[in-house]
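S.K.: What follows is work.cif; its format and atoms are mmCIF, C-alpha atoms.
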data_work
loop_
_atom_site.label_atom_id
_atom_site.label_comp_id
_atom_site.auth_asym_id
_atom_site.auth_seq_id
_atom_site.Cartn_x
_atom_site.Cartn_y
_atom_site.Cartn_z
CA MET T 1 236.90 -85.39 -152.67
CA ASN T 2 236.90 -86.51 -156.28
CA GLU T 3 235.28 -83.65 -158.21
CA HIS T 4 233.58 -86.02 -160.67
CA ARG T 5 232.12 -88.13 -157.92
CA GLU T 6 230.69 -85.06 -156.22
CA SER T 7 229.09 -84.11 -159.50
CA ILE T 8 227.75 -87.66 -159.98
CA ILE T 9 226.17 -87.60 -156.51
CA ARG T 10 224.58 -84.21 -157.18
CA VAL T 11 223.14 -85.44 -160.48
CA LEU T 12 221.87 -88.71 -159.01
CA THR T 13 220.25 -87.00 -156.02
CA GLY T 14 218.66 -84.35 -158.21
CA GLU T 15 220.63 -81.44 -156.76
CA ALA T 16 222.59 -80.58 -159.91
CA ASP T 17 221.37 -77.78 -162.15
CA GLU T 18 220.77 -78.25 -165.88
CA LEU T 19 224.26 -77.04 -166.82
CA GLU T 20 226.04 -79.43 -164.45
CA ARG T 21 223.89 -82.34 -165.60
CA GLU T 22 224.63 -81.63 -169.26
CA ARG T 23 228.34 -81.28 -168.54
CA LEU T 24 228.48 -84.61 -166.71
CA LEU T 25 226.49 -86.44 -169.37
CA SER T 26 228.80 -85.24 -172.11
CA ARG T 27 231.82 -86.34 -170.07
CA LEU T 28 230.26 -89.76 -169.50
CA GLU T 29 230.06 -90.32 -173.26
CA GLY T 30 233.78 -89.94 -173.71
CA ASP T 31 235.06 -91.56 -170.50
CA ALA T 32 234.37 -95.26 -169.95
CA ASN T 33 235.81 -95.25 -166.40
CA LEU T 34 233.60 -92.34 -165.39
CA ARG T 35 230.60 -94.04 -166.99
CA ALA T 36 231.33 -97.20 -164.97
CA GLU T 37 231.60 -95.16 -161.78
CA PHE T 38 228.32 -93.40 -162.58
CA ASP T 39 226.58 -96.75 -163.16
CA ARG T 40 227.91 -98.16 -159.90
CA MET T 41 226.80 -95.11 -157.91
CA GLN T 42 223.41 -95.18 -159.59
CA ALA T 43 223.04 -98.86 -158.71
CA VAL T 44 223.87 -98.17 -155.06
CA GLY T 45 221.34 -95.33 -154.99
CA GLN T 46 218.64 -97.51 -156.59
CA THR T 47 219.32 -100.34 -154.17
CA LEU T 48 219.03 -97.99 -151.20
CA SER T 49 215.86 -96.32 -152.41
CA GLY T 50 214.37 -99.64 -153.55
CA ALA T 51 214.56 -101.12 -150.08
CA GLU T 52 211.28 -101.75 -148.31
CA GLU T 53 210.27 -98.86 -146.05
CA PRO T 54 210.98 -99.75 -142.44
CA THR T 55 208.25 -99.50 -139.82
CA PHE T 56 208.05 -99.83 -136.05
CA GLY T 57 205.24 -102.36 -136.38
CA PRO T 58 201.59 -102.06 -135.41
CA PHE T 59 200.27 -99.93 -132.54
CA PHE T 60 203.40 -97.78 -132.37
CA ALA T 61 201.41 -94.59 -131.69
CA ALA T 62 199.46 -96.39 -128.96
CA ARG T 63 202.74 -97.49 -127.36
CA VAL T 64 204.07 -93.93 -127.46
CA MET T 65 200.90 -92.58 -125.84
CA HIS T 66 200.99 -95.30 -123.19
CA ARG T 67 204.60 -94.45 -122.33
CA LEU T 68 203.80 -90.75 -122.28
CA ASN T 69 200.89 -91.30 -119.89
CA ARG T 70 203.04 -93.51 -117.67
CA GLU T 71 205.78 -90.85 -117.50
CA ARG T 72 203.27 -88.12 -116.79
CA ALA T 73 201.64 -90.22 -114.07
CA SER T 74 204.95 -91.02 -112.40
CA SER T 75 206.12 -87.38 -112.46
CA GLY T 76 202.65 -86.29 -111.20
CA SER T 77 202.65 -88.79 -108.35
CA MET T 78 206.13 -87.66 -107.29
CA TYR T 79 204.93 -84.05 -107.17
CA GLU T 80 201.90 -85.11 -105.12
CA SER T 81 204.10 -87.08 -102.72
CA LEU T 82 206.41 -84.10 -102.17
CA ARG T 83 203.39 -81.81 -101.64
CA TRP T 84 201.94 -84.22 -99.07
CA VAL T 85 205.25 -84.38 -97.14
CA PHE T 86 205.86 -80.62 -97.19
CA ALA T 87 202.27 -79.83 -96.11
CA ARG T 88 202.67 -82.01 -93.05
CA VAL T 89 206.11 -80.64 -92.22
CA ALA T 90 204.68 -77.11 -92.43
CA VAL T 91 201.79 -77.92 -90.06
CA ALA T 92 204.13 -79.69 -87.62
CA GLY T 93 206.49 -76.68 -87.69
CA LEU T 94 203.62 -74.27 -86.98
CA VAL T 95 202.32 -76.36 -84.06
CA ALA T 96 205.85 -76.64 -82.61
CA SER T 97 206.36 -72.84 -82.87
CA VAL T 98 203.06 -72.07 -81.14
CA GLY T 99 203.78 -74.66 -78.44
CA LEU T 100 207.23 -73.24 -77.82
CA GLY T 101 205.82 -69.70 -77.62
CA VAL T 102 203.19 -70.74 -75.06
CA TYR T 103 205.79 -72.61 -73.06
CA ASN T 104 208.14 -69.59 -73.02
CA THR T 105 205.30 -67.28 -71.99
CA VAL T 106 204.26 -69.57 -69.11
CA ILE T 107 207.86 -69.90 -67.91
CA ALA T 108 208.38 -66.14 -68.07
CA SER T 109 205.15 -65.39 -66.14
CA ASN T 110 205.98 -67.98 -63.46
CA ALA T 111 209.45 -66.50 -63.01
CA GLU T 112 207.94 -63.03 -62.94
CA ILE T 113 210.42 -61.72 -65.47
CA GLY T 114 209.53 -58.21 -66.63
CA ASN T 115 209.65 -58.97 -70.35
CA SER T 116 207.03 -57.94 -72.87
CA ALA T 117 204.64 -60.65 -74.15
CA ILE T 118 206.54 -60.95 -77.47
CA GLU T 119 209.92 -61.22 -75.71
CA SER T 120 208.47 -63.84 -73.41
CA ALA T 121 206.99 -65.83 -76.30
CA LEU T 122 210.28 -65.71 -78.20
CA GLY T 123 212.20 -66.69 -75.07
CA VAL T 124 214.39 -63.60 -75.07
CA PRO T 125 216.46 -63.49 -71.82
CA ALA T 126 215.37 -60.91 -69.26
CA GLU T 127 218.79 -59.33 -68.88
CA ASN T 128 219.13 -55.71 -69.93
CA LEU T 129 222.11 -53.38 -69.82
CA GLU T 130 221.47 -52.50 -66.15
CA THR T 131 221.23 -56.11 -64.93
CA VAL T 132 224.30 -57.08 -66.95
CA TYR T 133 226.25 -54.23 -65.32
CA LEU T 134 225.09 -55.37 -61.89
CA LEU T 135 226.06 -58.98 -62.62
CA ALA T 136 229.47 -57.89 -63.87
CA SER T 137 230.18 -55.78 -60.80
CA GLU T 138 229.30 -58.67 -58.32
CA MET C 1 201.52 -82.80 -144.89
CA ALA C 2 200.07 -86.32 -145.10
CA PRO C 3 196.61 -86.68 -146.65
CA SER C 4 193.68 -87.74 -144.52
CA ARG C 5 193.33 -91.47 -143.95
CA TRP C 6 189.58 -91.22 -144.26
CA PRO C 7 188.16 -89.87 -147.52
CA GLY C 8 186.02 -86.82 -146.95
CA VAL C 9 187.46 -86.12 -143.51
CA PRO C 10 189.45 -82.87 -143.54
CA THR C 11 193.08 -83.20 -142.49
CA GLN C 12 194.29 -80.86 -139.79
CA SER C 13 197.54 -79.09 -140.51
CA ASP C 14 200.64 -79.66 -138.39
CA GLU C 15 200.23 -76.19 -136.91
CA GLU C 16 196.66 -76.86 -135.84
CA LEU C 17 197.55 -80.20 -134.32
CA LEU C 18 200.57 -78.71 -132.57
CA ARG C 19 198.46 -75.91 -131.11
CA SER C 20 195.92 -78.41 -129.79
CA ALA C 21 198.64 -80.71 -128.45
CA ARG C 22 200.25 -77.80 -126.60
CA GLN C 23 196.89 -77.15 -124.96
CA GLY C 24 196.85 -80.73 -123.68
CA ASP C 25 194.91 -82.47 -126.47
CA ASP C 26 196.42 -85.98 -126.46
CA GLN C 27 194.47 -87.03 -129.53
CA ALA C 28 196.11 -84.24 -131.55
CA PHE C 29 199.54 -85.38 -130.38
CA ARG C 30 198.68 -88.95 -131.30
CA VAL C 31 197.79 -87.85 -134.84
CA LEU C 32 201.21 -86.16 -135.09
CA VAL C 33 202.89 -89.38 -133.94
CA GLU C 34 200.99 -91.36 -136.58
CA ARG C 35 201.85 -88.76 -139.21
CA TYR C 36 205.61 -88.79 -138.57
CA GLU C 37 206.02 -92.39 -137.42
CA GLY C 38 207.20 -93.54 -140.86
CA GLN C 39 209.75 -90.76 -141.18
CA VAL C 40 211.16 -91.47 -137.72
CA ALA C 41 211.20 -95.22 -138.46
CA ALA C 42 213.21 -94.62 -141.65
CA THR C 43 215.74 -92.56 -139.72
CA VAL C 44 216.06 -94.69 -136.61
CA ILE C 45 215.91 -98.11 -138.27
CA GLY C 46 218.26 -96.84 -140.97
CA MET C 47 220.71 -95.87 -138.25
CA LEU C 48 220.30 -98.74 -135.79
CA GLY C 49 218.79 -101.54 -137.82
CA PRO C 50 215.44 -103.13 -136.98
CA GLY C 51 214.85 -104.36 -133.42
CA ASP C 52 213.83 -103.37 -129.92
CA ASP C 53 216.62 -100.81 -129.69
CA ALA C 54 215.25 -98.90 -132.69
CA ALA C 55 211.65 -99.07 -131.44
CA ASP C 56 212.77 -97.72 -128.08
CA VAL C 57 214.65 -94.81 -129.69
CA GLY C 58 211.60 -94.19 -131.88
CA GLN C 59 209.37 -93.86 -128.81
CA GLU C 60 211.94 -91.72 -127.04
CA THR C 61 212.02 -89.41 -130.08
CA PHE C 62 208.33 -88.61 -129.69
CA ILE C 63 208.56 -88.29 -125.91
CA ARG C 64 211.39 -85.75 -126.34
CA PHE C 65 209.35 -83.99 -129.00
CA TYR C 66 206.39 -83.82 -126.62
CA ARG C 67 208.55 -82.22 -123.92
CA ALA C 68 210.12 -79.80 -126.42
CA MET C 69 206.89 -78.82 -128.20
CA GLY C 70 206.90 -75.48 -126.44
CA ASN C 71 210.33 -74.64 -127.88
CA TYR C 72 209.40 -75.37 -131.50
CA ARG C 73 209.01 -72.04 -133.26
CA GLY C 74 208.41 -73.24 -136.78
CA ASP C 75 211.82 -72.19 -138.17
CA ALA C 76 212.21 -75.65 -139.72
CA LYS C 77 209.49 -78.00 -140.98
CA LEU C 78 208.03 -80.12 -138.21
CA GLY C 79 209.26 -83.30 -139.91
CA THR C 80 212.79 -81.91 -140.04
CA TYR C 81 212.60 -80.92 -136.37
CA ILE C 82 211.47 -84.42 -135.33
CA THR C 83 214.02 -86.10 -137.61
CA ARG C 84 216.74 -84.03 -136.01
CA ILE C 85 215.72 -85.36 -132.58
CA ALA C 86 215.64 -88.90 -134.03
CA ILE C 87 219.08 -88.68 -135.63
CA ASN C 88 220.66 -87.27 -132.45
CA LEU C 89 219.12 -89.99 -130.29
CA SER C 90 220.21 -92.63 -132.82
CA LEU C 91 223.79 -91.37 -132.80
CA LYS C 92 223.78 -91.52 -128.98
CA ALA C 93 222.36 -95.04 -129.08
CA LEU C 94 225.06 -96.09 -131.54
CA LYS C 95 227.71 -94.63 -129.25
CA ARG C 96 226.26 -96.56 -126.29
CA ARG C 97 226.17 -99.73 -128.38
CA GLN C 98 229.80 -99.30 -129.42
CA THR C 99 230.90 -98.59 -125.85
CA TRP C 100 229.06 -101.70 -124.65
CA VAL C 101 230.58 -103.83 -127.39
CA ARG C 102 234.09 -102.52 -126.63
CA ARG C 103 233.70 -103.32 -122.92
CA PHE C 104 232.04 -106.69 -123.01
CA VAL C 105 232.67 -108.32 -126.37
CA SER C 106 235.89 -109.66 -127.87
CA ARG C 107 237.33 -107.84 -130.87
CA ASP C 108 236.36 -110.53 -133.40
CA ASP C 109 232.76 -110.68 -132.19
CA ALA C 110 232.62 -106.89 -131.98
CA GLU C 111 233.25 -106.51 -135.70
CA THR C 112 230.35 -108.81 -136.46
CA LEU C 113 228.04 -107.15 -133.95
CA LEU C 114 228.76 -103.62 -135.10
CA ALA C 115 228.49 -104.55 -138.73
CA GLU C 116 225.15 -106.31 -138.28
CA PRO C 117 222.25 -104.39 -136.83
CA ALA C 118 220.17 -106.32 -134.34
CA ARG C 119 218.08 -108.96 -136.13
CA ASP C 120 217.08 -112.53 -135.69
CA GLY C 121 219.87 -114.97 -136.39
CA VAL C 122 218.98 -116.12 -139.88
CA ARG C 123 222.26 -116.72 -141.66
CA ASP C 124 221.02 -117.78 -145.02
CA VAL C 125 221.91 -114.94 -147.38
CA GLU C 126 219.49 -116.20 -150.01
CA ALA C 127 216.58 -115.75 -147.63
CA ARG C 128 217.35 -112.16 -146.73
CA THR C 129 215.20 -109.46 -148.20
CA ARG C 130 216.72 -106.48 -149.92
CA ALA C 131 215.79 -104.30 -146.95
CA GLU C 132 217.78 -106.52 -144.64
CA LEU C 133 220.77 -106.42 -146.97
CA VAL C 134 220.60 -102.66 -147.13
CA HIS C 135 220.32 -102.37 -143.33
CA ARG C 136 223.22 -104.74 -142.94
CA ALA C 137 225.35 -102.73 -145.35
CA ILE C 138 224.41 -99.41 -143.77
CA GLY C 139 225.13 -100.92 -140.37
CA ALA C 140 228.71 -101.50 -141.45
CA LEU C 141 229.29 -97.78 -142.04
CA LYS C 142 230.76 -95.42 -139.46
CA PRO C 143 228.03 -93.55 -137.52
CA ASP C 144 228.74 -90.19 -139.18
CA GLN C 145 228.62 -91.75 -142.66
CA ARG C 146 225.53 -93.73 -141.73
CA ALA C 147 223.70 -90.57 -140.66
CA VAL C 148 224.46 -88.90 -144.00
CA VAL C 149 223.31 -91.91 -146.03
CA VAL C 150 220.08 -92.21 -144.03
CA LEU C 151 219.18 -88.53 -144.24
CA ARG C 152 220.42 -87.85 -147.75
CA MET C 153 219.74 -91.10 -149.61
CA LEU C 154 216.92 -92.79 -147.70
CA GLU C 155 214.94 -89.80 -146.46
CA GLY C 156 215.73 -87.52 -149.38
CA TYR C 157 216.78 -84.43 -147.45
CA SER C 158 218.90 -81.99 -149.42
CA THR C 159 222.61 -81.61 -148.74
CA ARG C 160 221.90 -78.29 -147.03
CA GLU C 161 219.19 -79.76 -144.78
CA THR C 162 221.38 -82.74 -143.93
CA ALA C 163 224.26 -80.41 -143.07
CA GLU C 164 222.01 -78.34 -140.83
CA MET C 165 220.62 -81.36 -139.03
CA LEU C 166 224.06 -82.81 -138.38
CA ASP C 167 225.59 -79.40 -137.71
CA VAL C 168 228.44 -79.87 -140.23
CA PRO C 169 229.40 -78.00 -143.44
CA GLN C 170 227.81 -79.09 -146.72
CA GLY C 171 231.23 -80.15 -148.05
CA THR C 172 231.55 -82.57 -145.15
CA VAL C 173 228.17 -84.07 -146.02
CA MET C 174 229.32 -84.62 -149.61
CA SER C 175 232.67 -86.15 -148.64
CA ARG C 176 231.04 -88.48 -146.07
CA LEU C 177 228.43 -89.46 -148.63
CA SER C 178 231.08 -90.18 -151.24
CA ARG C 179 233.06 -92.42 -148.88
CA ALA C 180 229.90 -94.14 -147.69
CA LEU C 181 228.69 -94.89 -151.21
CA GLU C 182 232.08 -96.28 -152.12
CA LYS C 183 231.91 -98.62 -149.14
CA LEU C 184 228.29 -99.56 -149.83
CA GLU C 185 229.22 -100.42 -153.38
CA GLY C 186 231.66 -102.99 -152.06
CA LEU C 187 229.26 -104.30 -149.39
CA LEU C 188 226.16 -104.62 -151.54
CA GLY C 189 228.14 -106.08 -154.43
CA PRO C 190 225.95 -108.42 -156.48
CA GLN C 191 222.71 -107.08 -155.00
CA LEU C 192 223.23 -103.73 -156.68
CA GLY C 193 220.55 -102.33 -158.91
CA PRO C 194 216.76 -102.23 -159.00
CA GLU C 195 216.32 -105.68 -160.55
CA ALA C 196 218.71 -107.52 -158.25
#
Please render this file's structure as structure tokens.
M.R.:
Amino acid sequence: MNEHRESIIRVLTGEADELERERLLSRLEGDANLRAEFDRMQAVGQTLSGAEEPTFGPFFAARVMHRLNRERASSGSMYESLRWVFARVAVAGLVASVGLGVYNTVIASNAEIGNSAIESALGVPAENLETVYLLASE
Amino acid sequence: MAPSRWPGVPTQSDEELLRSARQGDDQAFRVLVERYEGQVAATVIGMLGPGDDAADVGQETFIRFYRAMGNYRGDAKLGTYITRIAINLSLKALKRRQTWVRRFVSRDDAETLLAEPARDGVRDVEARTRAELVHRAIGALKPDQRAVVVLRMLEGYSTRETAEMLDVPQGTVMSRLSRALEKLEGLLGPQLGPEA
């Protein structure tokens, strides 16, 4: 980048130190082209900073809070919906497990299988190593 | 920190408001929004021009800030932190706008659309305010140059702060600013200067 222009920008934006400012000002006195460039840059800067401050219009904060509340409500209701579904799935699963256990126990007692109560409830087959050997040898 | 709106009423500091907002105090967050609304408006409207698009990005800036409040550690000033969110969202919005224009608008119309930020269709140059002229000129800059002009010239951030916010070296900020000012000089033309 043009070294002079960089210096001009620093001076116009207030970032140049005293030495740089003095150096540029003395150069401007002896260089008409540089002076013209400085004036043009200064004019651009003044036009930009002189522009009316933009705003989002009235009630902006209220609109932000309304949107925030809406987003919080929608994310909250989704969480509640999922909780409702999972609670019911959990209860249904528990009832099904107990029902299946009772059913297996009843079946096992009717068939007079010599399983323990837990094996019966879980529906574990009655075969043991001895019965399997007997079945294999038939 | 902005002074209190009501004489005699003590102004809470950003830190105090932030602490309350983190604990779920919506009123404290609202005060922060009101405090930084102008700064965000200058950034977003400077980048996108006035209109619904800018207002939407402005709201989104504060929503993102609300979600990220827990991550703010106070390394940068709160205003800088929020402005950084605003400038990033504005750059994304500009990218979306350019993609949309490239897909759906002819090349001739695209140049006009990209150069002019969204605004009602008044064509009479004489009737435009200086602010509109400035927005129009800034809207004609490339997004990276636009971001530098908005942060450095309109918002008054230092070159170092601007470089940090845009995640580029300071030299890049200066070169983008130089090119942008050169272009603005041509675009603003006769409107240049404080008395124009």
S.K.: I'd like the contact shell of Phe38 (chain T) - 9 Å cut-off, all atoms listed in the file, skipping same-chain residues fewer than 2 positions apart - returned as a ChimeraX atom specification.
M.R.: /T:5,8-9,12,28,33-36,40-43
S.K.: Which one is closest to Pro125 (chain T): T:Ser75, T:Gly14, T:His66, T:Ile107? Count only C-alpha atoms.
M.R.: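 Checking each candidate against Pro125 (chain T), we get T:Ile107 as the closest.
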S.K.: Taking all atoms listed in the file into account, name the residue in C:Glu164, C:Val173, C:Val57, C:Leu184 that is nearest to Thr80 (chain C).
M.R.: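 Among the listed residues, C:Glu164 lies closest to Thr80 (chain C).
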S.K.: Just checking: using all atoms listed in the file, which residue out of C:Arg160, C:Lys95, C:Lys183, C:Arg64 ends up closest to Ile82 (chain C)?
M.R.: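 Nearest candidate to Ile82 (chain C) out of C:Arg160, C:Lys95, C:Lys183, C:Arg64: C:Arg64.
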S.K.: Of the candidates C:Glu16, C:Gln145, C:Leu166, C:Gly24, which one gets nearest to Ile87 (chain C) if we count all atoms listed in the file?
M.R.: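 Among the listed residues, the smallest separation from Ile87 (chain C) belongs to C:Leu166.
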S.K.: Can you spell out as an MDAnalysis selection string the set of residues that the PyMOL selection byres ((chain T) within 10 of (chain C)) selects in the structure I just provided?
M.R.: chainID T and resid 1:2 5:10 12:15 37 39:57 59:65 67:69 71
S.K.: At a cut-off of 10 Å, using all atoms listed in the file, what residues contact Gly123 (chain T)? Leave out same-chain residues fewer than 2 positions from it and give the result as a ChimeraX atom specification.
M.R.: /T:100-105,107-108,115,117-121,125-126
S.K.: Quick one: what's the axis-aligned box for region 35-50 of chain T, all listed atoms, 8 Å on every side, centre and edges in Å to one decimal, as lines of an AutoDock Vina configuration file?
M.R.:
center_x = 223.0
center_y = -96.9
center_z = -159.1
size_x = 33.2
size_y = 22.9
size_z = 31.8
S.K.: Mind giving me the straight-line distance from CA of Met69 (chain C) to CA of Leu18 (chain C) in Å, one decimal?
M.R.: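 Rounded to one decimal, the two atoms are 7.7 Å apart.
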S.K.: Could you tell me how far CA of Lys77 (chain C) sits from CA of Ser20 (chain C), in Å to one decimal place?
M.R.: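 Computing the Euclidean distance for CA of Ser20 (chain C) and CA of Lys77 (chain C) yields 17.6 Å.
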S.K.: May I ask for the distance between CA of Ser74 (chain T) and CA of Ala93 (chain C), given in Å to one decimal place?
M.R.: 24.4 Å
S.K.: Got a sec: who's within 9 Å of Val11 (chain T), counting only C-alpha atoms, leaving out chain neighbours fewer than 5 positions off, as an NGL selection string?
M.R.: :T and (6 or 16-17 or 20-21 or 24)
